[in-house]
file structure-v5.tsv (TSV, C-alpha atoms)
chain	number	residue	atom	x	y	z
T	38	MET	CA	71.34	73.16	74.84
T	39	THR	CA	68.87	72.63	71.98
T	40	ALA	CA	69.92	72.65	68.34
T	41	ALA	CA	67.97	75.90	67.74
T	42	ARG	CA	69.69	77.66	70.65
T	43	SER	CA	73.03	76.42	69.46
T	44	THR	CA	72.33	77.81	65.98
T	45	ASP	CA	71.31	81.17	67.45
T	46	SER	CA	74.44	81.26	69.53
T	47	ASN	CA	76.61	80.44	66.53
T	48	SER	CA	74.85	83.07	64.49
T	49	ARG	CA	75.44	85.75	67.15
T	50	ARG	CA	79.07	84.71	67.46
T	51	ASN	CA	79.46	84.93	63.70
T	52	ARG	CA	77.87	88.39	63.65
T	53	ARG	CA	80.27	89.58	66.34
T	54	ARG	CA	83.23	88.17	64.45
T	55	THR	CA	82.04	89.75	61.22
T	56	ALA	CA	81.59	93.13	62.94
T	57	ALA	CA	85.07	92.91	64.44
T	58	ARG	CA	86.56	91.90	61.09
T	59	THR	CA	84.77	94.75	59.34
T	60	ALA	CA	85.98	97.29	61.89
T	61	ARG	CA	89.55	96.01	61.62
T	62	ALA	CA	89.46	96.01	57.84
T	63	ARG	CA	88.11	99.56	57.76
T	64	LEU	CA	90.80	100.76	60.12
T	65	ALA	CA	93.53	98.91	58.27
T	66	HIS	CA	92.39	100.54	55.05
T	67	ASP	CA	92.32	104.00	56.64
T	68	GLN	CA	95.72	103.58	58.23
T	69	ALA	CA	97.60	101.71	55.52
T	70	ALA	CA	99.02	104.84	53.98
T	71	LEU	CA	99.89	106.38	57.31
T	72	ILE	CA	102.03	103.75	58.99
T	73	PRO	CA	105.65	104.97	59.23
T	74	ARG	CA	107.95	103.29	56.75
T	75	VAL	CA	110.67	101.05	58.10
T	76	ALA	CA	113.74	100.42	56.02
T	77	GLU	CA	117.10	98.75	56.36
T	78	GLY	CA	119.74	101.20	57.43
T	79	ASP	CA	123.02	101.67	55.67
T	80	LEU	CA	124.94	100.34	58.60
T	81	GLY	CA	124.68	96.69	59.43
T	82	ALA	CA	121.32	95.21	60.21
T	83	ILE	CA	120.04	98.00	62.40
T	84	VAL	CA	116.61	99.09	61.30
T	85	VAL	CA	116.22	102.78	60.65
T	86	VAL	CA	112.79	104.26	60.98
T	87	GLU	CA	111.90	107.05	58.63
T	88	PRO	CA	109.36	109.15	60.46
T	89	PRO	CA	107.17	111.41	58.37
T	90	PRO	CA	108.79	114.71	57.50
T	91	ILE	CA	107.80	117.77	59.45
T	92	ASP	CA	104.60	119.11	58.04
T	93	ASP	CA	105.26	122.70	57.06
T	94	SER	CA	101.56	123.47	57.07
T	95	PHE	CA	101.48	122.67	60.76
T	96	ASP	CA	102.37	126.19	61.74
T	97	ASP	CA	101.05	128.56	64.33
T	98	ALA	CA	98.35	129.95	62.11
T	99	GLY	CA	97.09	126.55	61.07
T	100	ARG	CA	96.97	125.39	64.63
T	101	GLU	CA	95.05	128.39	65.86
T	102	ASP	CA	92.61	128.11	62.99
T	103	ARG	CA	91.80	124.53	63.71
T	104	PRO	CA	88.74	124.21	65.95
T	105	LEU	CA	89.52	122.27	69.10
T	106	PRO	CA	87.18	119.43	70.03
T	107	SER	CA	85.08	119.44	73.16
T	108	PHE	CA	87.38	117.57	75.48
T	109	ALA	CA	85.81	115.56	78.26
T	110	HIS	CA	88.63	116.27	80.66
T	111	ALA	CA	91.29	118.91	81.24
T	112	SER	CA	94.08	116.33	81.04
T	113	GLU	CA	92.94	115.52	77.50
T	114	ALA	CA	93.07	119.18	76.55
T	115	GLU	CA	96.58	119.40	77.96
T	116	MET	CA	97.64	116.31	76.03
T	117	GLY	CA	96.25	117.88	72.86
T	118	ARG	CA	98.39	120.95	73.48
T	119	ILE	CA	101.48	118.81	74.11
T	120	LEU	CA	100.96	116.87	70.88
T	121	ASP	CA	100.40	120.11	69.02
T	122	PHE	CA	103.59	121.51	70.49
T	123	TYR	CA	105.62	118.57	69.22
T	124	ARG	CA	103.86	118.70	65.83
T	125	ILE	CA	102.31	115.30	66.17
T	126	ARG	CA	99.06	115.03	64.28
T	127	TRP	CA	96.13	113.80	66.34
T	128	GLU	CA	92.41	113.29	66.16
T	129	TYR	CA	90.07	113.22	69.12
T	130	GLU	CA	87.98	110.07	69.46
T	131	PRO	CA	87.78	109.45	65.70
T	132	HIS	CA	87.13	105.72	65.94
T	133	THR	CA	84.75	103.63	68.01
T	134	PHE	CA	85.36	99.95	68.58
T	135	PRO	CA	82.44	97.70	69.52
T	136	ILE	CA	83.48	95.46	72.41
T	137	LEU	CA	80.25	93.89	73.68
T	138	TRP	CA	77.11	92.72	71.93
T	139	ASN	CA	73.77	91.52	73.30
T	140	LEU	CA	72.23	88.21	72.35
T	141	ASP	CA	70.73	89.80	69.25
T	142	GLY	CA	74.11	90.95	68.06
T	143	VAL	CA	73.44	94.60	68.86
T	144	VAL	CA	76.41	96.55	70.17
T	145	ILE	CA	75.83	97.39	73.81
T	146	GLU	CA	79.32	98.56	74.74
T	147	SER	CA	82.04	100.23	72.75
T	148	PHE	CA	85.34	101.94	73.30
T	149	SER	CA	86.51	105.21	71.76
T	150	PRO	CA	90.16	105.90	72.63
T	151	ASP	CA	90.72	109.58	73.33
T	152	PHE	CA	93.41	110.26	70.75
T	153	TRP	CA	94.48	108.72	67.51
T	154	LEU	CA	97.96	109.62	66.29
T	155	PRO	CA	97.81	108.64	62.60
T	156	ASP	CA	101.51	109.13	61.87
T	157	LEU	CA	102.41	106.81	64.73
T	158	ASP	CA	99.54	104.37	64.25
T	159	LEU	CA	98.81	104.70	67.94
T	160	TYR	CA	95.81	105.37	70.15
T	161	LEU	CA	96.13	107.17	73.48
T	162	GLU	CA	93.64	106.73	76.26
T	163	MET	CA	93.82	109.09	79.21
T	164	THR	CA	92.82	107.48	82.48
T	165	THR	CA	93.43	110.23	84.95
T	166	LEU	CA	90.12	109.92	86.75
T	167	ARG	CA	89.24	107.99	89.91
T	168	GLN	CA	90.21	104.36	90.40
T	169	LYS	CA	86.77	102.91	89.70
T	170	LEU	CA	86.81	104.39	86.20
T	171	VAL	CA	90.38	103.27	85.69
T	172	ARG	CA	89.34	99.68	86.40
T	173	LYS	CA	86.51	100.04	83.90
T	174	LYS	CA	88.90	101.35	81.26
T	175	ASN	CA	91.38	98.58	81.97
T	176	ARG	CA	88.61	96.05	81.38
T	177	LYS	CA	87.66	97.74	78.12
T	178	LEU	CA	91.28	97.75	77.03
T	179	ARG	CA	91.58	94.02	77.67
T	180	ARG	CA	88.55	93.49	75.42
T	181	ILE	CA	90.12	95.69	72.75
T	182	HIS	CA	93.28	93.59	72.83
T	183	GLU	CA	91.21	90.41	72.53
T	184	LEU	CA	89.02	91.63	69.68
T	185	TYR	CA	91.41	93.90	67.82
T	186	PRO	CA	94.91	92.55	68.46
T	187	ASP	CA	96.43	94.75	65.77
T	188	ILE	CA	95.33	98.00	67.39
T	189	ARG	CA	97.94	99.73	69.54
T	190	VAL	CA	96.46	101.59	72.50
T	191	LYS	CA	98.59	103.24	75.16
T	192	LEU	CA	96.92	103.87	78.49
T	193	PHE	CA	97.99	107.06	80.14
T	194	TYR	CA	97.37	106.86	83.88
T	195	ALA	CA	97.35	109.70	86.40
T	196	ARG	CA	100.90	108.75	87.42
T	197	ASP	CA	102.01	109.01	83.79
T	198	PHE	CA	100.41	112.42	83.53
T	199	ARG	CA	102.11	113.56	86.73
T	200	ALA	CA	105.46	112.41	85.36
T	201	LEU	CA	104.83	114.28	82.14
T	202	MET	CA	103.96	117.47	84.00
T	203	LEU	CA	107.04	117.05	86.18
T	204	LYS	CA	109.18	116.70	83.09
T	205	PHE	CA	107.69	119.88	81.67
T	206	GLY	CA	107.99	121.78	84.96
T	207	ARG	CA	104.22	121.97	85.36
T	208	MET	CA	103.76	120.08	88.60
T	209	ALA	CA	101.89	123.03	90.05
T	210	LEU	CA	99.10	122.41	87.56
T	211	VAL	CA	98.75	118.68	88.03
T	212	GLU	CA	96.04	118.60	90.67
T	213	GLY	CA	93.87	120.88	88.57
T	214	LEU	CA	94.26	118.70	85.53
T	215	ILE	CA	93.62	115.22	86.89
T	216	GLY	CA	90.85	113.61	88.91
T	217	SER	CA	87.45	115.18	89.41
T	218	SER	CA	88.74	118.74	89.34
T	219	GLY	CA	90.08	118.06	85.86
T	220	GLN	CA	86.56	117.70	84.54
T	221	VAL	CA	86.28	121.47	84.51
T	222	ILE	CA	88.42	122.42	81.58
T	223	PRO	CA	90.39	125.61	82.21
T	224	ASP	CA	90.96	128.20	79.54
T	225	ARG	CA	94.29	128.14	77.77
T	226	ALA	CA	95.22	131.35	79.54
T	227	GLU	CA	94.73	129.69	82.92
T	228	VAL	CA	96.95	126.80	81.97
T	229	ASP	CA	99.66	129.12	80.72
T	230	VAL	CA	100.28	130.55	84.16
T	231	ASP	CA	103.85	131.47	84.81
T	232	VAL	CA	105.34	128.36	86.31
T	233	ASN	CA	108.03	130.46	87.87
T	234	ASP	CA	105.37	132.07	90.05
T	235	ALA	CA	104.42	128.62	91.19
T	236	GLY	CA	107.96	128.04	92.34
T	237	LEU	CA	108.54	125.29	89.82
T	238	ASN	CA	110.84	126.43	87.12
T	239	GLY	CA	110.99	123.02	85.50
T	240	THR	CA	113.37	122.61	82.65
T	241	PRO	CA	112.62	125.60	80.46
T	242	GLY	CA	114.18	125.80	77.09
T	243	THR	CA	115.73	122.37	76.98
T	244	ALA	CA	114.28	119.03	76.42
T	245	ALA	CA	114.68	115.45	77.40
T	246	SER	CA	113.37	113.30	74.65
O	264	MET	CA	112.48	126.02	94.11
O	265	THR	CA	115.17	125.64	96.73
O	266	VAL	CA	118.30	123.63	96.08
O	267	GLN	CA	120.32	122.67	99.11
O	268	THR	CA	123.94	123.71	99.17
O	269	ASP	CA	124.79	120.06	99.48
O	270	MET	CA	122.95	118.86	96.37
O	271	THR	CA	123.39	115.24	97.35
O	272	ALA	CA	120.97	115.84	100.21
O	273	ASP	CA	118.21	116.13	97.61
O	274	ILE	CA	119.08	112.74	96.13
O	275	GLY	CA	117.12	109.79	97.43
O	276	GLU	CA	119.20	107.13	95.74
O	277	ILE	CA	122.25	106.96	93.52
O	278	LEU	CA	121.16	105.04	90.47
O	279	LEU	CA	124.41	105.09	88.53
O	280	THR	CA	127.78	105.84	90.04
O	281	GLU	CA	130.47	107.87	88.35
O	282	GLU	CA	132.47	104.68	87.79
O	283	GLU	CA	129.53	102.82	86.25
O	284	ILE	CA	128.86	105.70	83.88
O	285	ALA	CA	132.52	105.93	82.86
O	286	ALA	CA	132.68	102.20	82.12
O	287	LYS	CA	129.52	102.34	80.04
O	288	VAL	CA	130.70	105.39	78.09
O	289	ALA	CA	133.97	103.61	77.30
O	290	GLU	CA	132.02	100.56	76.13
O	291	LEU	CA	129.73	102.66	73.93
O	292	GLY	CA	132.69	104.54	72.51
O	293	SER	CA	134.43	101.33	71.49
O	294	GLN	CA	131.29	99.95	69.92
O	295	ILE	CA	130.63	103.14	67.97
O	296	GLY	CA	134.26	103.30	66.90
O	297	ALA	CA	134.05	99.77	65.52
O	298	ASP	CA	130.76	100.43	63.74
O	299	TYR	CA	132.01	103.62	62.13
O	300	ALA	CA	135.55	102.56	61.28
O	301	ASP	CA	136.62	104.19	58.00
O	302	ARG	CA	133.54	106.40	57.97
O	303	ARG	CA	133.09	110.11	58.54
O	304	LEU	CA	131.01	110.43	61.67
O	305	THR	CA	129.27	113.53	62.97
O	306	LEU	CA	128.03	113.53	66.55
O	307	VAL	CA	125.06	115.80	67.16
O	308	SER	CA	124.46	116.57	70.80
O	309	VAL	CA	121.21	117.97	72.11
O	310	LEU	CA	121.72	120.72	74.64
O	311	LYS	CA	121.83	121.03	77.51
O	312	GLY	CA	121.42	117.69	79.20
O	313	SER	CA	123.70	115.66	76.97
O	314	LEU	CA	126.74	117.91	77.36
O	315	PRO	CA	128.64	115.76	79.90
O	316	PHE	CA	127.78	112.57	78.02
O	317	MET	CA	128.85	114.08	74.71
O	318	ALA	CA	132.12	115.37	76.18
O	319	ASP	CA	132.99	111.94	77.57
O	320	LEU	CA	131.66	109.90	74.66
O	321	MET	CA	133.51	111.79	71.92
O	322	ARG	CA	136.77	111.14	73.74
O	323	ALA	CA	135.93	107.45	74.03
O	324	ILE	CA	135.39	107.03	70.29
O	325	PRO	CA	138.69	106.01	68.70
O	326	VAL	CA	137.92	107.26	65.18
O	327	PRO	CA	137.83	110.83	63.83
O	328	VAL	CA	134.55	112.58	64.58
O	329	ARG	CA	133.03	115.98	63.95
O	330	ILE	CA	130.74	117.39	66.58
O	331	ASP	CA	127.81	119.74	66.42
O	332	LEU	CA	125.28	121.03	68.92
O	333	MET	CA	121.56	121.64	68.78
O	334	GLU	CA	119.02	122.99	71.22
O	335	VAL	CA	115.32	122.33	71.02
O	336	SER	CA	112.63	124.10	73.00
O	337	SER	CA	110.59	122.12	75.48
O	338	TYR	CA	106.89	122.24	76.20
O	339	GLY	CA	106.27	124.47	79.17
O	340	GLY	CA	109.58	126.20	78.81
O	341	THR	CA	109.55	129.95	79.16
O	342	THR	CA	111.02	130.35	75.70
O	343	THR	CA	108.09	128.64	74.08
O	344	GLU	CA	105.15	130.57	75.43
O	345	SER	CA	104.91	132.88	72.48
O	346	SER	CA	104.96	130.20	69.82
O	347	GLY	CA	103.21	127.15	71.21
O	348	LEU	CA	105.24	124.96	68.89
O	349	VAL	CA	108.53	123.19	69.34
O	350	ARG	CA	111.40	125.22	67.91
O	351	ILE	CA	115.03	124.75	67.07
O	352	LEU	CA	116.72	127.19	69.45
O	353	LYS	CA	120.18	126.38	68.14
O	354	ASP	CA	120.63	124.77	64.77
O	355	LEU	CA	123.56	122.83	63.35
O	356	SER	CA	126.62	124.83	62.51
O	357	ALA	CA	127.52	122.78	59.44
O	358	THR	CA	125.70	120.77	56.83
O	359	ILE	CA	125.12	117.08	57.46
O	360	GLU	CA	124.07	116.22	53.93
O	361	GLY	CA	125.64	112.93	52.95
O	362	GLU	CA	127.17	112.50	56.40
O	363	GLU	CA	126.91	109.65	58.88
O	364	VAL	CA	125.17	111.27	61.83
O	365	LEU	CA	124.77	110.00	65.36
O	366	ILE	CA	122.42	111.86	67.68
O	367	VAL	CA	123.77	111.88	71.22
O	368	GLU	CA	121.10	112.11	73.89
O	369	ASP	CA	121.24	112.09	77.66
O	370	ILE	CA	117.87	110.43	78.19
O	371	ILE	CA	114.94	109.25	76.11
O	372	ASP	CA	111.63	109.07	77.91
O	373	THR	CA	108.52	110.12	75.97
O	374	GLY	CA	110.40	110.30	72.68
O	375	LEU	CA	108.52	113.48	71.76
O	376	THR	CA	111.58	115.68	71.32
O	377	LEU	CA	113.57	112.95	69.64
O	378	ASN	CA	110.75	112.27	67.21
O	379	TYR	CA	110.77	115.93	66.22
O	380	LEU	CA	114.55	116.01	65.99
O	381	VAL	CA	114.78	112.91	63.83
O	382	ARG	CA	112.15	114.28	61.48
O	383	TYR	CA	114.01	117.58	61.31
O	384	LEU	CA	117.43	116.05	60.70
O	385	ARG	CA	116.13	113.58	58.12
O	386	GLY	CA	115.11	116.62	56.10
O	387	LYS	CA	118.79	117.56	55.90
O	388	ASN	CA	119.56	114.37	53.98
O	389	PRO	CA	122.27	112.71	56.04
O	390	ARG	CA	123.66	109.46	54.66
O	391	SER	CA	122.61	107.73	57.85
O	392	LEU	CA	121.00	108.83	61.08
O	393	ARG	CA	121.32	106.83	64.24
O	394	ILE	CA	120.68	107.45	67.89
O	395	CYS	CA	122.77	106.98	71.01
O	396	THR	CA	121.42	107.64	74.47
O	397	LEU	CA	122.99	107.22	77.84
O	398	LEU	CA	119.67	106.54	79.55
O	399	ASP	CA	116.50	104.97	78.26
O	400	LYS	CA	113.27	105.14	80.22
O	401	PRO	CA	110.92	102.96	78.14
O	402	ALA	CA	108.08	103.09	80.68
O	403	ARG	CA	107.47	106.69	79.67
O	404	ARG	CA	107.59	106.18	75.93
O	405	LEU	CA	104.88	107.78	73.85
O	406	VAL	CA	106.64	107.74	70.51
O	407	ASP	CA	108.50	104.55	69.68
O	408	ILE	CA	111.78	105.26	67.95
O	409	PRO	CA	114.44	102.58	67.54
O	410	VAL	CA	117.54	103.53	69.50
O	411	ASP	CA	120.80	102.13	68.22
O	412	TYR	CA	123.02	102.58	71.27
O	413	VAL	CA	121.64	102.52	74.81
O	414	GLY	CA	123.81	102.95	77.88
O	415	PHE	CA	121.38	102.07	80.63
O	416	THR	CA	117.70	101.22	80.73
O	417	ILE	CA	116.40	102.84	83.88
O	418	PRO	CA	113.22	102.49	85.93
O	419	ASP	CA	110.42	105.01	85.90
O	420	GLN	CA	111.90	107.49	88.35
O	421	PHE	CA	112.80	111.15	88.07
O	422	VAL	CA	116.56	111.27	87.78
O	423	VAL	CA	119.07	114.11	87.83
O	424	GLY	CA	122.81	114.46	87.53
O	425	TYR	CA	125.43	113.95	84.80
O	426	GLY	CA	123.69	116.61	82.73
O	427	LEU	CA	120.12	115.90	83.77
O	428	ASP	CA	118.42	118.70	85.62
O	429	TYR	CA	115.50	119.71	87.68
O	430	GLY	CA	114.82	123.42	87.42
O	431	GLU	CA	118.22	123.75	85.69
O	432	TYR	CA	120.07	122.47	88.79
O	433	TYR	CA	121.81	119.19	89.57
O	434	ARG	CA	123.37	118.92	86.11
O	435	ASN	CA	126.86	119.03	87.61
O	436	LEU	CA	126.44	115.96	89.79
O	437	ARG	CA	128.94	113.31	88.74
O	438	PHE	CA	126.43	110.50	89.17
O	439	VAL	CA	122.82	109.88	88.15
O	440	GLY	CA	120.48	109.88	91.12
O	441	VAL	CA	116.80	109.78	91.92
O	442	LEU	CA	115.52	113.14	93.10
O	443	ARG	CA	113.63	113.05	96.37
O	444	PRO	CA	109.92	113.60	95.61
O	445	GLU	CA	109.67	116.27	98.31
O	446	VAL	CA	111.96	118.45	96.20
O	447	TYR	CA	109.37	118.78	93.45
O	448	THR	CA	106.19	118.27	95.45
O	449	GLY	CA	107.18	120.71	98.18
O	450	VAL	CA	105.89	118.24	100.75
O	451	GLY	CA	108.06	116.77	103.46
call {"tool": "encode", "arguments": {"input": "structure-v5.tsv", "output": "structure tokens"}}
result
Amino acid sequence: MTAARSTDSNSRRNRRRTAARTARARLAHDQAALIPRVAEGDLGAIVVVEPPPIDDSFDDAGREDRPLPSFAHASEAEMGRILDFYRIRWEYEPHTFPILWNLDGVVIESFSPDFWLPDLDLYLEMTTLRQKLVRKKNRKLRRIHELYPDIRVKLFYARDFRALMLKFGRMALVEGLIGSSGQVIPDRAEVDVDVNDAGLNGTPGTAAS
Amino acid sequence: MTVQTDMTADIGEILLTEEEIAAKVAELGSQIGADYADRRLTLVSVLKGSLPFMADLMRAIPVPVRIDLMEVSSYGGTTTESSGLVRILKDLSATIEGEEVLIVEDIIDTGLTLNYLVRYLRGKNPRSLRICTLLDKPARRLVDIPVDYVGFTIPDQFVVGYGLDYGEYYRNLRFVGVLRPEVYTGVG
């Protein structure tokens, strides 16, 4: 390797590092005020988390008024409804993380996790599509962990989604919400079919945590 | 759904026997009793799944306790269709302000309901708020909440019995078992 090539390579590496540092710093700044507080509990050394109080403005009217994003997949829309139900604030693909640069330092691949849950300082990525895309997402996630070790991303596979639907007594809807068929997003009314008619009563009215 | 008269026929595997559960409940009760010695403890049980656990646990705690019950709606439940938001279906009967409170859960999987419950109860200003669960299924966790007392950490399988249901059935099984997939897939 010549000295000039080595300098170019170092320069590109430095640009990538600077870009990663900048992205991390920006996110850390945005999230600093939102990370749940952790405090010593009254009893012994057990740590007691103080989650954010329930947001009274997060009521039915506010939720209906809020425009929903254009979800790429029906499973994402369902996840949005579940998070809404449990009053967990979320944003859809609010942040993009560069994960690959060309030799000129230009970003050629990036990763935008589907959901950001600001109160939990957590990203959710739905991977309910076919296996080839799951492998691609797994690779992207490995890069994210390498470049942004402080970012918490939870992958939600098709099996996780099935388990969630089973828990909520919505197994009858699963096949329409995952895989290729899930790329056609049903109306809310279609999703709210009576699960009793589907023969799957689930666990209405009570909740496992 | 169809539940066989012999419910055990729908169980693929017994995960926790009646004896194992009883031993663990006794152990948890002793531990909680020691931690809350000379304190006023209120146990808050979350209906309906934690009923058997609550009934056994309260009798295993050797210090005076008050008990209270809550019920929280679940996503997809028929009682929630009109609102679209989680609701308290049954609230506490007494104030917990200034009290030492221990939430008693049957199982924690996603943590979604528990997250809501903790946020709700914190607003009632208890002196302390801790969590006890018989079963913990960390593989399913979406919301990380520190749990103070855990009976068993279980694998990522759909379990019923000892209060846990599928379609409101199987709660009265004395053990915790893995439900056969054909019961909820309708295949087989």
call {"tool": "closest_residue", "arguments": {"input": "structure-v5.tsv", "among": "O:Val381, O:Leu348, O:Leu306, O:Ile324", "to": "chain T", "atoms": "only C-alpha atoms"}}
result
O:Leu348
call {"tool": "closest_atom_pairs", "arguments": {"input": "structure-v5.tsv", "of": "chain O", "to": "chain T", "cutoff": "7 Å", "atoms": "all atoms listed in the file", "output": "tab-separated table"}}
result
residue	atom	partner	partner_atom	distance
O:Met264	CA	T:Gly236	CA	5.3
O:Leu310	CA	T:Thr243	CA	6.6
O:Lys311	CA	T:Thr243	CA	6.3
O:Glu334	CA	T:Thr243	CA	6.7
O:Val335	CA	T:Thr243	CA	6.0
O:Ser336	CA	T:Gly242	CA	4.7
O:Ser337	CA	T:Ala244	CA	4.9
O:Tyr338	CA	T:Phe205	CA	6.0
O:Gly339	CA	T:Phe205	CA	5.4
O:Gly340	CA	T:Pro241	CA	3.5
O:Thr341	CA	T:Pro241	CA	5.5
O:Thr342	CA	T:Gly242	CA	5.7
O:Ser346	CA	T:Asp97	CA	6.9
O:Gly347	CA	T:Phe122	CA	5.7
O:Leu348	CA	T:Phe122	CA	4.1
O:Val349	CA	T:Phe122	CA	5.3
O:Ile370	CA	T:Ala245	CA	6.0
O:Ile371	CA	T:Ser246	CA	4.6
O:Asp372	CA	T:Ser246	CA	5.6
O:Thr373	CA	T:Ser246	CA	5.9
O:Gly374	CA	T:Ser246	CA	4.7
O:Leu375	CA	T:Ser246	CA	5.6
O:Thr376	CA	T:Ser246	CA	4.5
O:Leu377	CA	T:Ser246	CA	5.0
O:Tyr379	CA	T:Tyr123	CA	6.5
O:Arg382	CA	T:Pro90	CA	5.2
O:Tyr383	CA	T:Ile91	CA	6.5
O:Gly386	CA	T:Pro90	CA	6.7
O:Ser391	CA	T:Asp79	CA	6.5
O:Pro409	CA	T:Val86	CA	7.0
O:Tyr429	CA	T:Gly239	CA	6.0
O:Gly430	CA	T:Gly239	CA	4.3
O:Glu431	CA	T:Thr240	CA	5.8
call {"tool": "residues_near_point", "arguments": {"input": "structure-v5.tsv", "point": "(124.5, 107.4, 57.7)", "cutoff": "10 Å", "atoms": "all atoms listed in the file", "output": "PyMOL selection string"}}
result
(chain T and resi 78-80+85) or (chain O and resi 299+302-305+359-365+388-393)
call {"tool": "residues_around", "arguments": {"input": "structure-v5.tsv", "residues": "Val413 of chain O", "least_positions_apart": "4", "cutoff": "7 Å", "atoms": "all atoms listed in the file", "output": "list in words"}}
result
Cys395, Thr396, Leu397, Leu398 and Asp399 of chain O
call {"tool": "write_last_selection", "arguments": {"input": "structure-v5.tsv", "atoms": "C-alpha atoms", "output": "PDB file, keeping the file's coordinate frame"}}
result
ATOM      1  CA  CYS O 395     122.770 106.980  71.010  1.00  0.00           C
ATOM      2  CA  THR O 396     121.420 107.640  74.470  1.00  0.00           C
ATOM      3  CA  LEU O 397     122.990 107.220  77.840  1.00  0.00           C
ATOM      4  CA  LEU O 398     119.670 106.540  79.550  1.00  0.00           C
ATOM      5  CA  ASP O 399     116.500 104.970  78.260  1.00  0.00           C
TER       6      ASP O 399
END
call {"tool": "residues_around", "arguments": {"input": "structure-v5.tsv", "residues": "segment 442-448 of chain O", "least_positions_apart": "6", "cutoff": "6 Å", "atoms": "all atoms listed in the file", "output": "list in words"}}
result
Asp273, Ile274, Gly275 and Val422 of chain O
call {"tool": "residues_near_point", "arguments": {"input": "structure-v5.tsv", "point": "(88.5, 99.8, 80.2)", "cutoff": "10 Å", "atoms": "only C-alpha atoms", "output": "list of chain:residue names"}}
result
T:Ser147, T:Phe148, T:Pro150, T:Glu162, T:Thr164, T:Leu170, T:Val171, T:Arg172, T:Lys173, T:Lys174, T:Asn175, T:Arg176, T:Lys177, T:Leu178, T:Arg179, T:Arg180, T:Ile181, T:Leu192
call {"tool": "closest_residue", "arguments": {"input": "structure-v5.tsv", "among": "O:Pro327, O:Gly414, O:Pro401, O:Gly312", "to": "Tyr432 of chain O", "atoms": "all atoms listed in the file"}}
result
O:Gly312
call {"tool": "atom_distance", "arguments": {"input": "structure-v5.tsv", "atom1": "atom CA of Trp138 of chain T", "atom2": "atom CA of Asp187 of chain T"}}
result
20.4 Å
call {"tool": "atom_distance", "arguments": {"input": "structure-v5.tsv", "atom1": "atom CA of Asp331 of chain O", "atom2": "atom CA of Ser313 of chain O"}}
result
12.0 Å
call {"tool": "atom_distance", "arguments": {"input": "structure-v5.tsv", "atom1": "atom CA of Ala114 of chain T", "atom2": "atom CA of Arg199 of chain T"}}
result
14.7 Å
